[in-house]
$ cat query12.pdb   # PDB, N, CA and C atoms and all ligand atoms
ATOM      1  N   MET A   1       0.827  -1.208   0.000
ATOM      2  CA  MET A   1       0.000   0.000   0.000
ATOM      3  C   MET A   1       0.857   1.250   0.000
ATOM      4  N   GLY A   2       2.166   1.086  -0.032
ATOM      5  CA  GLY A   2       3.080   2.190   0.106
ATOM      6  C   GLY A   2       2.856   3.396  -0.770
ATOM      7  N   SER A   3       2.630   3.168  -2.075
ATOM      8  CA  SER A   3       2.568   4.308  -2.978
ATOM      9  C   SER A   3       1.150   4.838  -3.176
ATOM     10  N   LYS A   4       0.160   4.157  -2.620
ATOM     11  CA  LYS A   4      -1.214   4.614  -2.798
ATOM     12  C   LYS A   4      -1.488   5.841  -1.952
ATOM     13  N   LYS A   5      -2.291   6.733  -2.517
ATOM     14  CA  LYS A   5      -2.629   7.958  -1.810
ATOM     15  C   LYS A   5      -3.983   7.809  -1.123
ATOM     16  N   PHE A   6      -4.053   8.250   0.122
ATOM     17  CA  PHE A   6      -5.301   8.224   0.866
ATOM     18  C   PHE A   6      -5.599   9.637   1.344
ATOM     19  N   ARG A   7      -6.247  10.410   0.469
ATOM     20  CA  ARG A   7      -6.549  11.802   0.805
ATOM     21  C   ARG A   7      -8.023  12.002   1.137
ATOM     22  N   THR A   8      -8.881  11.182   0.508
ATOM     23  CA  THR A   8     -10.307  11.265   0.813
ATOM     24  C   THR A   8     -10.794   9.878   1.220
ATOM     25  N   ILE A   9     -11.954   9.828   1.871
ATOM     26  CA  ILE A   9     -12.495   8.535   2.299
ATOM     27  C   ILE A   9     -12.762   7.647   1.089
ATOM     28  N   HIS A  10     -13.089   8.289  -0.025
ATOM     29  CA  HIS A  10     -13.338   7.526  -1.251
ATOM     30  C   HIS A  10     -12.098   6.739  -1.692
ATOM     31  N   ASP A  11     -10.919   7.249  -1.379
ATOM     32  CA  ASP A  11      -9.682   6.554  -1.771
ATOM     33  C   ASP A  11      -9.603   5.155  -1.159
ATOM     34  N   TRP A  12     -10.125   4.998   0.055
ATOM     35  CA  TRP A  12     -10.116   3.676   0.697
ATOM     36  C   TRP A  12     -10.970   2.713  -0.122
ATOM     37  N   SER A  13     -12.126   3.223  -0.531
ATOM     38  CA  SER A  13     -13.047   2.411  -1.315
ATOM     39  C   SER A  13     -12.409   2.042  -2.652
ATOM     40  N   ARG A  14     -11.794   3.016  -3.281
ATOM     41  CA  ARG A  14     -11.176   2.832  -4.603
ATOM     42  C   ARG A  14     -10.037   1.806  -4.555
ATOM     43  N   HIS A  15      -9.280   1.813  -3.482
ATOM     44  CA  HIS A  15      -8.156   0.885  -3.363
ATOM     45  C   HIS A  15      -8.579  -0.465  -2.768
ATOM     46  N   GLY A  16      -9.871  -0.595  -2.425
ATOM     47  CA  GLY A  16     -10.378  -1.869  -1.940
ATOM     48  C   GLY A  16      -9.866  -2.293  -0.569
ATOM     49  N   VAL A  17      -9.624  -1.311   0.291
ATOM     50  CA  VAL A  17      -9.177  -1.636   1.657
ATOM     51  C   VAL A  17     -10.153  -1.028   2.661
ATOM     52  N   ASN A  18     -10.099  -1.512   3.879
ATOM     53  CA  ASN A  18     -10.966  -0.978   4.928
ATOM     54  C   ASN A  18     -10.267   0.156   5.673
ATOM     55  N   ILE A  19     -11.058   0.884   6.463
ATOM     56  CA  ILE A  19     -10.507   2.024   7.208
ATOM     57  C   ILE A  19     -10.212   1.597   8.647
ATOM     58  N   HIS A  20      -8.955   1.704   9.009
ATOM     59  CA  HIS A  20      -8.527   1.429  10.385
ATOM     60  C   HIS A  20      -8.618   2.746  11.142
ATOM     61  N   LEU A  21      -9.543   2.819  12.107
ATOM     62  CA  LEU A  21      -9.773   4.048  12.865
ATOM     63  C   LEU A  21      -9.219   3.894  14.278
ATOM     64  N   THR A  22      -8.454   4.889  14.704
ATOM     65  CA  THR A  22      -7.963   4.905  16.082
ATOM     66  C   THR A  22      -8.439   6.189  16.738
ATOM     67  N   CYS A  23      -9.099   6.072  17.877
ATOM     68  CA  CYS A  23      -9.601   7.225  18.635
ATOM     69  C   CYS A  23      -8.442   8.179  18.933
ATOM     70  N   ILE A  24      -8.676   9.504  18.733
ATOM     71  CA  ILE A  24      -7.585  10.465  18.968
ATOM     72  C   ILE A  24      -7.408  10.775  20.451
ATOM     73  N   ASN A  25      -8.331  10.298  21.280
ATOM     74  CA  ASN A  25      -8.188  10.454  22.721
ATOM     75  C   ASN A  25      -7.154   9.428  23.199
ATOM     76  N   GLY A  26      -5.937   9.890  23.425
ATOM     77  CA  GLY A  26      -4.816   9.023  23.749
ATOM     78  C   GLY A  26      -5.066   7.899  24.748
ATOM     79  N   PRO A  27      -5.594   8.233  25.953
ATOM     80  CA  PRO A  27      -5.820   7.191  26.955
ATOM     81  C   PRO A  27      -6.815   6.127  26.475
ATOM     82  N   CYS A  28      -7.692   6.481  25.563
ATOM     83  CA  CYS A  28      -8.696   5.544  25.049
ATOM     84  C   CYS A  28      -8.089   4.732  23.902
ATOM     85  N   SER A  29      -7.720   5.438  22.815
ATOM     86  CA  SER A  29      -7.097   4.798  21.654
ATOM     87  C   SER A  29      -7.871   3.588  21.135
ATOM     88  N   HIS A  30      -9.194   3.628  21.297
ATOM     89  CA  HIS A  30     -10.053   2.543  20.810
ATOM     90  C   HIS A  30      -9.896   2.400  19.289
ATOM     91  N   VAL A  31      -9.898   1.162  18.829
ATOM     92  CA  VAL A  31      -9.721   0.887  17.398
ATOM     93  C   VAL A  31     -10.986   0.281  16.812
ATOM     94  N   GLY A  32     -11.358   0.753  15.619
ATOM     95  CA  GLY A  32     -12.475   0.168  14.890
ATOM     96  C   GLY A  32     -12.101   0.049  13.425
ATOM     97  N   ILE A  33     -12.624  -0.985  12.766
ATOM     98  CA  ILE A  33     -12.383  -1.148  11.340
ATOM     99  C   ILE A  33     -13.706  -0.913  10.626
ATOM    100  N   ALA A  34     -13.727   0.081   9.727
ATOM    101  CA  ALA A  34     -14.983   0.473   9.077
ATOM    102  C   ALA A  34     -14.964   0.224   7.570
ATOM    103  N   ASP A  35     -16.154   0.044   7.034
ATOM    104  CA  ASP A  35     -16.346  -0.149   5.591
ATOM    105  C   ASP A  35     -16.273   1.222   4.897
ATOM    106  N   PRO A  36     -15.315   1.435   4.004
ATOM    107  CA  PRO A  36     -15.162   2.743   3.382
ATOM    108  C   PRO A  36     -16.361   3.152   2.530
ATOM    109  N   HIS A  37     -17.024   2.168   1.898
ATOM    110  CA  HIS A  37     -18.181   2.489   1.069
ATOM    111  C   HIS A  37     -19.306   3.047   1.949
ATOM    112  N   ALA A  38     -19.565   2.388   3.066
ATOM    113  CA  ALA A  38     -20.604   2.853   3.988
ATOM    114  C   ALA A  38     -20.233   4.237   4.539
ATOM    115  N   CYS A  39     -18.949   4.444   4.841
ATOM    116  CA  CYS A  39     -18.510   5.751   5.359
ATOM    117  C   CYS A  39     -18.736   6.843   4.321
ATOM    118  N   CYS A  40     -18.439   6.540   3.055
ATOM    119  CA  CYS A  40     -18.649   7.511   1.974
ATOM    120  C   CYS A  40     -20.119   7.919   1.914
ATOM    121  N   LEU A  41     -21.019   6.915   1.926
ATOM    122  CA  LEU A  41     -22.456   7.203   1.870
ATOM    123  C   LEU A  41     -22.870   8.026   3.090
ATOM    124  N   TRP A  42     -22.353   7.644   4.241
ATOM    125  CA  TRP A  42     -22.675   8.328   5.499
ATOM    126  C   TRP A  42     -22.249   9.790   5.436
ATOM    127  N   PHE A  43     -21.028  10.038   4.964
ATOM    128  CA  PHE A  43     -20.515  11.406   4.883
ATOM    129  C   PHE A  43     -21.297  12.220   3.848
ATOM    130  N   ARG A  44     -21.632  11.592   2.716
ATOM    131  CA  ARG A  44     -22.397  12.313   1.691
ATOM    132  C   ARG A  44     -23.778  12.656   2.212
ATOM    133  N   ALA A  45     -24.406  11.704   2.936
ATOM    134  CA  ALA A  45     -25.744  11.943   3.468
ATOM    135  C   ALA A  45     -25.736  13.132   4.430
ATOM    136  N   HIS A  46     -24.660  13.266   5.195
ATOM    137  CA  HIS A  46     -24.549  14.371   6.152
ATOM    138  C   HIS A  46     -23.945  15.627   5.529
ATOM    139  N   ARG A  47     -23.539  15.503   4.256
ATOM    140  CA  ARG A  47     -22.870  16.607   3.542
ATOM    141  C   ARG A  47     -21.607  17.067   4.272
ATOM    142  N   TRP A  48     -20.866  16.097   4.757
ATOM    143  CA  TRP A  48     -19.575  16.393   5.380
ATOM    144  C   TRP A  48     -18.494  16.249   4.320
ATOM    145  N   PRO A  49     -17.373  16.946   4.490
ATOM    146  CA  PRO A  49     -16.262  16.790   3.539
ATOM    147  C   PRO A  49     -15.683  15.383   3.652
ATOM    148  N   ILE A  50     -15.275  14.794   2.519
ATOM    149  CA  ILE A  50     -14.666  13.459   2.582
ATOM    150  C   ILE A  50     -13.143  13.533   2.508
ATOM    151  N   ALA A  51     -12.609  14.745   2.323
ATOM    152  CA  ALA A  51     -11.148  14.899   2.290
ATOM    153  C   ALA A  51     -10.612  15.037   3.715
ATOM    154  N   LEU A  52      -9.551  14.309   4.011
ATOM    155  CA  LEU A  52      -8.988  14.354   5.361
ATOM    156  C   LEU A  52      -8.482  15.743   5.708
ATOM    157  N   ASP A  53      -7.851  16.424   4.720
ATOM    158  CA  ASP A  53      -7.322  17.753   5.033
ATOM    159  C   ASP A  53      -8.422  18.813   5.087
ATOM    160  N   ALA A  54      -9.670  18.414   4.756
ATOM    161  CA  ALA A  54     -10.806  19.326   4.930
ATOM    162  C   ALA A  54     -11.525  19.005   6.245
ATOM    163  N   GLY A  55     -10.959  18.097   7.035
ATOM    164  CA  GLY A  55     -11.506  17.832   8.365
ATOM    165  C   GLY A  55     -12.400  16.609   8.477
ATOM    166  N   ALA A  56     -12.406  15.742   7.467
ATOM    167  CA  ALA A  56     -13.260  14.542   7.516
ATOM    168  C   ALA A  56     -12.994  13.718   8.774
ATOM    169  N   TRP A  57     -11.745  13.638   9.171
ATOM    170  CA  TRP A  57     -11.357  12.833  10.340
ATOM    171  C   TRP A  57     -12.072  13.274  11.619
ATOM    172  N   ARG A  58     -12.505  14.537  11.664
ATOM    173  CA  ARG A  58     -13.172  15.053  12.870
ATOM    174  C   ARG A  58     -14.558  14.466  13.066
ATOM    175  N   HIS A  59     -15.155  13.936  11.980
ATOM    176  CA  HIS A  59     -16.539  13.464  12.054
ATOM    177  C   HIS A  59     -16.685  12.034  12.556
ATOM    178  N   PHE A  60     -15.577  11.335  12.761
ATOM    179  CA  PHE A  60     -15.667   9.988  13.326
ATOM    180  C   PHE A  60     -15.750  10.120  14.844
ATOM    181  N   ARG A  61     -16.784   9.476  15.402
ATOM    182  CA  ARG A  61     -16.943   9.536  16.862
ATOM    183  C   ARG A  61     -16.630   8.164  17.454
ATOM    184  N   CYS A  62     -15.846   8.176  18.503
ATOM    185  CA  CYS A  62     -15.445   6.935  19.155
ATOM    186  C   CYS A  62     -16.660   6.257  19.793
ATOM    187  N   THR A  63     -16.833   4.942  19.538
ATOM    188  CA  THR A  63     -17.980   4.219  20.098
ATOM    189  C   THR A  63     -17.714   3.812  21.546
ATOM    190  N   LYS A  64     -16.505   4.041  22.025
ATOM    191  CA  LYS A  64     -16.175   3.659  23.400
ATOM    192  C   LYS A  64     -16.220   4.863  24.343
ATOM    193  N   CYS A  65     -15.488   5.948  24.003
ATOM    194  CA  CYS A  65     -15.415   7.095  24.918
ATOM    195  C   CYS A  65     -16.208   8.305  24.429
ATOM    196  N   GLY A  66     -16.666   8.276  23.163
ATOM    197  CA  GLY A  66     -17.481   9.368  22.644
ATOM    198  C   GLY A  66     -16.696  10.546  22.093
ATOM    199  N   SER A  67     -15.355  10.488  22.126
ATOM    200  CA  SER A  67     -14.543  11.582  21.586
ATOM    201  C   SER A  67     -14.730  11.681  20.075
ATOM    202  N   LYS A  68     -14.657  12.907  19.587
ATOM    203  CA  LYS A  68     -14.734  13.099  18.140
ATOM    204  C   LYS A  68     -13.332  13.191  17.573
ATOM    205  N   GLY A  69     -13.140  12.517  16.438
ATOM    206  CA  GLY A  69     -11.851  12.549  15.767
ATOM    207  C   GLY A  69     -11.178  11.198  15.809
ATOM    208  N   ALA A  70     -10.581  10.840  14.676
ATOM    209  CA  ALA A  70      -9.891   9.556  14.594
ATOM    210  C   ALA A  70      -8.709   9.656  13.644
ATOM    211  N   HIS A  71      -7.711   8.824  13.930
ATOM    212  CA  HIS A  71      -6.614   8.659  12.984
ATOM    213  C   HIS A  71      -7.042   7.562  12.020
ATOM    214  N   LEU A  72      -6.852   7.813  10.735
ATOM    215  CA  LEU A  72      -7.249   6.839   9.719
ATOM    216  C   LEU A  72      -6.036   6.266   9.021
ATOM    217  N   ARG A  73      -6.085   4.952   8.764
ATOM    218  CA  ARG A  73      -5.079   4.356   7.908
ATOM    219  C   ARG A  73      -5.695   3.157   7.196
ATOM    220  N   PRO A  74      -5.127   2.749   6.065
ATOM    221  CA  PRO A  74      -5.670   1.609   5.336
ATOM    222  C   PRO A  74      -5.356   0.297   6.049
ATOM    223  N   THR A  75      -6.259  -0.675   5.920
ATOM    224  CA  THR A  75      -6.024  -1.980   6.524
ATOM    225  C   THR A  75      -6.773  -3.066   5.758
ATOM    226  N   ASP A  76      -6.278  -4.285   5.850
ATOM    227  CA  ASP A  76      -6.974  -5.443   5.287
ATOM    228  C   ASP A  76      -7.736  -6.185   6.368
ATOM    229  N   MET A  77      -7.731  -5.645   7.592
ATOM    230  CA  MET A  77      -8.415  -6.300   8.706
ATOM    231  C   MET A  77      -9.927  -6.326   8.466
ATOM    232  N   VAL A  78     -10.585  -7.288   9.096
ATOM    233  CA  VAL A  78     -12.035  -7.477   8.947
ATOM    234  C   VAL A  78     -12.795  -6.329   9.624
ATOM    235  N   ILE A  79     -13.886  -5.894   8.978
ATOM    236  CA  ILE A  79     -14.712  -4.798   9.495
ATOM    237  C   ILE A  79     -15.308  -5.153  10.861
ATOM    238  N   THR A  80     -15.143  -4.226  11.814
ATOM    239  CA  THR A  80     -15.688  -4.461  13.160
ATOM    240  C   THR A  80     -16.852  -3.528  13.469
ATOM    241  N   VAL A  81     -16.961  -2.425  12.709
ATOM    242  CA  VAL A  81     -18.065  -1.485  12.910
ATOM    243  C   VAL A  81     -19.203  -1.954  12.007
ATOM    244  N   VAL A  82     -20.017  -2.896  12.529
ATOM    245  CA  VAL A  82     -21.004  -3.555  11.669
ATOM    246  C   VAL A  82     -22.441  -3.108  11.891
ATOM    247  N   ASP A  83     -22.762  -2.632  13.092
ATOM    248  CA  ASP A  83     -24.169  -2.322  13.358
ATOM    249  C   ASP A  83     -24.418  -0.824  13.466
ATOM    250  N   PHE A  84     -23.585  -0.053  12.793
ATOM    251  CA  PHE A  84     -23.691   1.401  12.868
ATOM    252  C   PHE A  84     -24.462   1.994  11.689
ATOM    253  N   PHE A  85     -24.194   1.492  10.503
ATOM    254  CA  PHE A  85     -24.785   2.068   9.289
ATOM    255  C   PHE A  85     -26.103   1.386   8.920
ATOM    256  N   PRO A  86     -26.941   2.076   8.116
ATOM    257  CA  PRO A  86     -28.158   1.420   7.609
ATOM    258  C   PRO A  86     -27.778   0.127   6.879
ATOM    259  N   VAL A  87     -28.642  -0.886   6.963
ATOM    260  CA  VAL A  87     -28.292  -2.184   6.395
ATOM    261  C   VAL A  87     -28.695  -2.333   4.932
ATOM    262  N   ASP A  88     -29.601  -1.487   4.456
ATOM    263  CA  ASP A  88     -30.030  -1.630   3.062
ATOM    264  C   ASP A  88     -30.354  -0.268   2.456
ATOM    265  N   GLU A  89     -30.741  -0.294   1.177
ATOM    266  CA  GLU A  89     -31.050   0.928   0.439
ATOM    267  C   GLU A  89     -32.171   1.731   1.116
ATOM    268  N   ARG A  90     -33.184   1.023   1.610
ATOM    269  CA  ARG A  90     -34.294   1.713   2.288
ATOM    270  C   ARG A  90     -33.814   2.468   3.508
ATOM    271  N   GLY A  91     -32.905   1.842   4.242
ATOM    272  CA  GLY A  91     -32.356   2.470   5.438
ATOM    273  C   GLY A  91     -31.601   3.744   5.084
ATOM    274  N   TRP A  92     -30.825   3.680   4.005
ATOM    275  CA  TRP A  92     -30.074   4.849   3.564
ATOM    276  C   TRP A  92     -31.012   5.971   3.127
ATOM    277  N   GLN A  93     -32.068   5.601   2.402
ATOM    278  CA  GLN A  93     -33.033   6.619   1.943
ATOM    279  C   GLN A  93     -33.715   7.279   3.122
ATOM    280  N   ALA A  94     -34.066   6.483   4.126
ATOM    281  CA  ALA A  94     -34.720   7.033   5.315
ATOM    282  C   ALA A  94     -33.790   8.005   6.036
ATOM    283  N   LEU A  95     -32.503   7.645   6.073
ATOM    284  CA  LEU A  95     -31.510   8.524   6.720
ATOM    285  C   LEU A  95     -31.420   9.864   5.988
ATOM    286  N   VAL A  96     -31.325   9.801   4.668
ATOM    287  CA  VAL A  96     -31.208  11.029   3.873
ATOM    288  C   VAL A  96     -32.456  11.893   4.062
ATOM    289  N   ARG A  97     -33.649  11.255   4.068
ATOM    290  CA  ARG A  97     -34.885  12.008   4.285
ATOM    291  C   ARG A  97     -34.865  12.708   5.634
ATOM    292  N   ARG A  98     -34.413  11.975   6.656
ATOM    293  CA  ARG A  98     -34.373  12.530   8.010
ATOM    294  C   ARG A  98     -33.447  13.738   8.074
ATOM    295  N   LEU A  99     -32.286  13.612   7.419
ATOM    296  CA  LEU A  99     -31.302  14.693   7.478
ATOM    297  C   LEU A  99     -31.726  15.926   6.704
ATOM    298  N   ARG A 100     -32.532  15.712   5.656
ATOM    299  CA  ARG A 100     -32.901  16.842   4.798
ATOM    300  C   ARG A 100     -34.239  17.454   5.168
ATOM    301  N   SER A 101     -34.927  16.884   6.167
ATOM    302  CA  SER A 101     -36.246  17.441   6.518
ATOM    303  C   SER A 101     -36.074  18.577   7.514
TER     304      SER A 101
HETATM  305 ZN    ZN B 201     -12.174   6.768  22.418
END
$ encode --input "query12.pdb" --output "structure tokens"
Amino acid sequence: MGSKKFRTIHDWSRHGVNIHLTCINGPCSHVGIADPHACCLWFRAHRWPIALDAGAWRHFRCTKCGSKGAHLRPTDMVITVVDFFPVDERGWQALVRRLRS
């Protein structure tokens, strides 16, 4: 993965790897592995920037301590954040409706 660029969340999806998230709260440092495709949809639904240098990393909230912000890196590890995102197209549509109402 050395030469691949990871500047936006979409890059993880494009390179076919998962997102390794580490809580920025040092004493916590909780780790989660997320599906980049689901994260992309989630960020688009909320109209958040997907570029890391535009602050995308700030929108990840730790499921353990609640801190906002995460360090991101590519990983081949199995996804552990499984029950967070909508499970199907209907769920995604309902989310978008909720956010835009
Ligand atoms: Zn944490």
$ residues_near_ligand --input "query12.pdb" --ligand "ligand ZN 201 (chain B)" --cutoff "12 Å" --atoms "only C-alpha atoms and all ligand atoms" --output "PDB file with N, CA and C atoms, in the frame of the given file"
ATOM      1  N   LEU A  21      -9.543   2.819  12.107  1.00  0.00           N
ATOM      2  CA  LEU A  21      -9.773   4.048  12.865  1.00  0.00           C
ATOM      3  C   LEU A  21      -9.219   3.894  14.278  1.00  0.00           C
ATOM      4  N   THR A  22      -8.454   4.889  14.704  1.00  0.00           N
ATOM      5  CA  THR A  22      -7.963   4.905  16.082  1.00  0.00           C
ATOM      6  C   THR A  22      -8.439   6.189  16.738  1.00  0.00           C
ATOM      7  N   CYS A  23      -9.099   6.072  17.877  1.00  0.00           N
ATOM      8  CA  CYS A  23      -9.601   7.225  18.635  1.00  0.00           C
ATOM      9  C   CYS A  23      -8.442   8.179  18.933  1.00  0.00           C
ATOM     10  N   ILE A  24      -8.676   9.504  18.733  1.00  0.00           N
ATOM     11  CA  ILE A  24      -7.585  10.465  18.968  1.00  0.00           C
ATOM     12  C   ILE A  24      -7.408  10.775  20.451  1.00  0.00           C
ATOM     13  N   ASN A  25      -8.331  10.298  21.280  1.00  0.00           N
ATOM     14  CA  ASN A  25      -8.188  10.454  22.721  1.00  0.00           C
ATOM     15  C   ASN A  25      -7.154   9.428  23.199  1.00  0.00           C
ATOM     16  N   GLY A  26      -5.937   9.890  23.425  1.00  0.00           N
ATOM     17  CA  GLY A  26      -4.816   9.023  23.749  1.00  0.00           C
ATOM     18  C   GLY A  26      -5.066   7.899  24.748  1.00  0.00           C
ATOM     19  N   PRO A  27      -5.594   8.233  25.953  1.00  0.00           N
ATOM     20  CA  PRO A  27      -5.820   7.191  26.955  1.00  0.00           C
ATOM     21  C   PRO A  27      -6.815   6.127  26.475  1.00  0.00           C
ATOM     22  N   CYS A  28      -7.692   6.481  25.563  1.00  0.00           N
ATOM     23  CA  CYS A  28      -8.696   5.544  25.049  1.00  0.00           C
ATOM     24  C   CYS A  28      -8.089   4.732  23.902  1.00  0.00           C
ATOM     25  N   SER A  29      -7.720   5.438  22.815  1.00  0.00           N
ATOM     26  CA  SER A  29      -7.097   4.798  21.654  1.00  0.00           C
ATOM     27  C   SER A  29      -7.871   3.588  21.135  1.00  0.00           C
ATOM     28  N   HIS A  30      -9.194   3.628  21.297  1.00  0.00           N
ATOM     29  CA  HIS A  30     -10.053   2.543  20.810  1.00  0.00           C
ATOM     30  C   HIS A  30      -9.896   2.400  19.289  1.00  0.00           C
ATOM     31  N   VAL A  31      -9.898   1.162  18.829  1.00  0.00           N
ATOM     32  CA  VAL A  31      -9.721   0.887  17.398  1.00  0.00           C
ATOM     33  C   VAL A  31     -10.986   0.281  16.812  1.00  0.00           C
ATOM     34  N   GLY A  32     -11.358   0.753  15.619  1.00  0.00           N
ATOM     35  CA  GLY A  32     -12.475   0.168  14.890  1.00  0.00           C
ATOM     36  C   GLY A  32     -12.101   0.049  13.425  1.00  0.00           C
ATOM     37  N   PHE A  60     -15.577  11.335  12.761  1.00  0.00           N
ATOM     38  CA  PHE A  60     -15.667   9.988  13.326  1.00  0.00           C
ATOM     39  C   PHE A  60     -15.750  10.120  14.844  1.00  0.00           C
ATOM     40  N   ARG A  61     -16.784   9.476  15.402  1.00  0.00           N
ATOM     41  CA  ARG A  61     -16.943   9.536  16.862  1.00  0.00           C
ATOM     42  C   ARG A  61     -16.630   8.164  17.454  1.00  0.00           C
ATOM     43  N   CYS A  62     -15.846   8.176  18.503  1.00  0.00           N
ATOM     44  CA  CYS A  62     -15.445   6.935  19.155  1.00  0.00           C
ATOM     45  C   CYS A  62     -16.660   6.257  19.793  1.00  0.00           C
ATOM     46  N   THR A  63     -16.833   4.942  19.538  1.00  0.00           N
ATOM     47  CA  THR A  63     -17.980   4.219  20.098  1.00  0.00           C
ATOM     48  C   THR A  63     -17.714   3.812  21.546  1.00  0.00           C
ATOM     49  N   LYS A  64     -16.505   4.041  22.025  1.00  0.00           N
ATOM     50  CA  LYS A  64     -16.175   3.659  23.400  1.00  0.00           C
ATOM     51  C   LYS A  64     -16.220   4.863  24.343  1.00  0.00           C
ATOM     52  N   CYS A  65     -15.488   5.948  24.003  1.00  0.00           N
ATOM     53  CA  CYS A  65     -15.415   7.095  24.918  1.00  0.00           C
ATOM     54  C   CYS A  65     -16.208   8.305  24.429  1.00  0.00           C
ATOM     55  N   GLY A  66     -16.666   8.276  23.163  1.00  0.00           N
ATOM     56  CA  GLY A  66     -17.481   9.368  22.644  1.00  0.00           C
ATOM     57  C   GLY A  66     -16.696  10.546  22.093  1.00  0.00           C
ATOM     58  N   SER A  67     -15.355  10.488  22.126  1.00  0.00           N
ATOM     59  CA  SER A  67     -14.543  11.582  21.586  1.00  0.00           C
ATOM     60  C   SER A  67     -14.730  11.681  20.075  1.00  0.00           C
ATOM     61  N   LYS A  68     -14.657  12.907  19.587  1.00  0.00           N
ATOM     62  CA  LYS A  68     -14.734  13.099  18.140  1.00  0.00           C
ATOM     63  C   LYS A  68     -13.332  13.191  17.573  1.00  0.00           C
ATOM     64  N   GLY A  69     -13.140  12.517  16.438  1.00  0.00           N
ATOM     65  CA  GLY A  69     -11.851  12.549  15.767  1.00  0.00           C
ATOM     66  C   GLY A  69     -11.178  11.198  15.809  1.00  0.00           C
ATOM     67  N   ALA A  70     -10.581  10.840  14.676  1.00  0.00           N
ATOM     68  CA  ALA A  70      -9.891   9.556  14.594  1.00  0.00           C
ATOM     69  C   ALA A  70      -8.709   9.656  13.644  1.00  0.00           C
ATOM     70  N   HIS A  71      -7.711   8.824  13.930  1.00  0.00           N
ATOM     71  CA  HIS A  71      -6.614   8.659  12.984  1.00  0.00           C
ATOM     72  C   HIS A  71      -7.042   7.562  12.020  1.00  0.00           C
TER      73      HIS A  71
END
$ resolve_selection --input "query12.pdb" --expression "the PyMOL selection byres (((chain A and resi 33-36) around 5) and not hetatm)" --output "list in words"
Ser13, Asn18, Ile19, His20, Leu21, Val31, Gly32, His37, Ala38, Cys39, Cys40, Ile79, Thr80 and Val81 of chain A
$ atom_distance --input "query12.pdb" --atom1 "atom CA of A:Val78" --atom2 "atom CA of A:Trp12"
14.0 Å
$ atom_distance --input "query12.pdb" --atom1 "atom CA of A:Phe85" --atom2 "atom CA of A:Arg97"
15.0 Å
$ residues_around --input "query12.pdb" --residues "A:Pro49" --least-positions-apart "2" --cutoff "12 Å" --atoms "only C-alpha atoms" --output "PyMOL selection string"
chain A and resi 7-10+39-47+51-60
$ write_last_selection --input "query12.pdb" --atoms "N, CA and C atoms" --output "compact mmCIF listing (two decimals), in the frame of the given file"
# COMPACT_ATOMS: atom_id res chain seq x y z
N ARG A 7 -6.25 10.41 0.47
CA ARG A 7 -6.55 11.80 0.80
C ARG A 7 -8.02 12.00 1.14
N THR A 8 -8.88 11.18 0.51
CA THR A 8 -10.31 11.26 0.81
C THR A 8 -10.79 9.88 1.22
N ILE A 9 -11.95 9.83 1.87
CA ILE A 9 -12.50 8.54 2.30
C ILE A 9 -12.76 7.65 1.09
N HIS A 10 -13.09 8.29 -0.02
CA HIS A 10 -13.34 7.53 -1.25
C HIS A 10 -12.10 6.74 -1.69
N CYS A 39 -18.95 4.44 4.84
CA CYS A 39 -18.51 5.75 5.36
C CYS A 39 -18.74 6.84 4.32
N CYS A 40 -18.44 6.54 3.06
CA CYS A 40 -18.65 7.51 1.97
C CYS A 40 -20.12 7.92 1.91
N LEU A 41 -21.02 6.92 1.93
CA LEU A 41 -22.46 7.20 1.87
C LEU A 41 -22.87 8.03 3.09
N TRP A 42 -22.35 7.64 4.24
CA TRP A 42 -22.68 8.33 5.50
C TRP A 42 -22.25 9.79 5.44
N PHE A 43 -21.03 10.04 4.96
CA PHE A 43 -20.52 11.41 4.88
C PHE A 43 -21.30 12.22 3.85
N ARG A 44 -21.63 11.59 2.72
CA ARG A 44 -22.40 12.31 1.69
C ARG A 44 -23.78 12.66 2.21
N ALA A 45 -24.41 11.70 2.94
CA ALA A 45 -25.74 11.94 3.47
C ALA A 45 -25.74 13.13 4.43
N HIS A 46 -24.66 13.27 5.20
CA HIS A 46 -24.55 14.37 6.15
C HIS A 46 -23.94 15.63 5.53
N ARG A 47 -23.54 15.50 4.26
CA ARG A 47 -22.87 16.61 3.54
C ARG A 47 -21.61 17.07 4.27
N ALA A 51 -12.61 14.74 2.32
CA ALA A 51 -11.15 14.90 2.29
C ALA A 51 -10.61 15.04 3.72
N LEU A 52 -9.55 14.31 4.01
CA LEU A 52 -8.99 14.35 5.36
C LEU A 52 -8.48 15.74 5.71
N ASP A 53 -7.85 16.42 4.72
CA ASP A 53 -7.32 17.75 5.03
C ASP A 53 -8.42 18.81 5.09
N ALA A 54 -9.67 18.41 4.76
CA ALA A 54 -10.81 19.33 4.93
C ALA A 54 -11.52 19.00 6.24
N GLY A 55 -10.96 18.10 7.04
CA GLY A 55 -11.51 17.83 8.36
C GLY A 55 -12.40 16.61 8.48
N ALA A 56 -12.41 15.74 7.47
CA ALA A 56 -13.26 14.54 7.52
C ALA A 56 -12.99 13.72 8.77
N TRP A 57 -11.74 13.64 9.17
CA TRP A 57 -11.36 12.83 10.34
C TRP A 57 -12.07 13.27 11.62
N ARG A 58 -12.50 14.54 11.66
CA ARG A 58 -13.17 15.05 12.87
C ARG A 58 -14.56 14.47 13.07
N HIS A 59 -15.16 13.94 11.98
CA HIS A 59 -16.54 13.46 12.05
C HIS A 59 -16.68 12.03 12.56
N PHE A 60 -15.58 11.34 12.76
CA PHE A 60 -15.67 9.99 13.33
C PHE A 60 -15.75 10.12 14.84
$ select_by_dssp --input "query12.pdb" --residues "chain A" --states "alpha helix (DSSP H)" --output "NGL selection string"
:A and (9-14 or 36-46 or 89-100)
$ select_by_dssp --input "query12.pdb" --residues "chain A" --states "strand (DSSP E or B)" --output "VMD selection string"
chain A and resid 8 18 to 23 31 to 34 51 61 68 70 to 75
$ atom_distance --input "query12.pdb" --atom1 "atom N of A:Arg100" --atom2 "atom C of A:Asp83"
20.0 Å
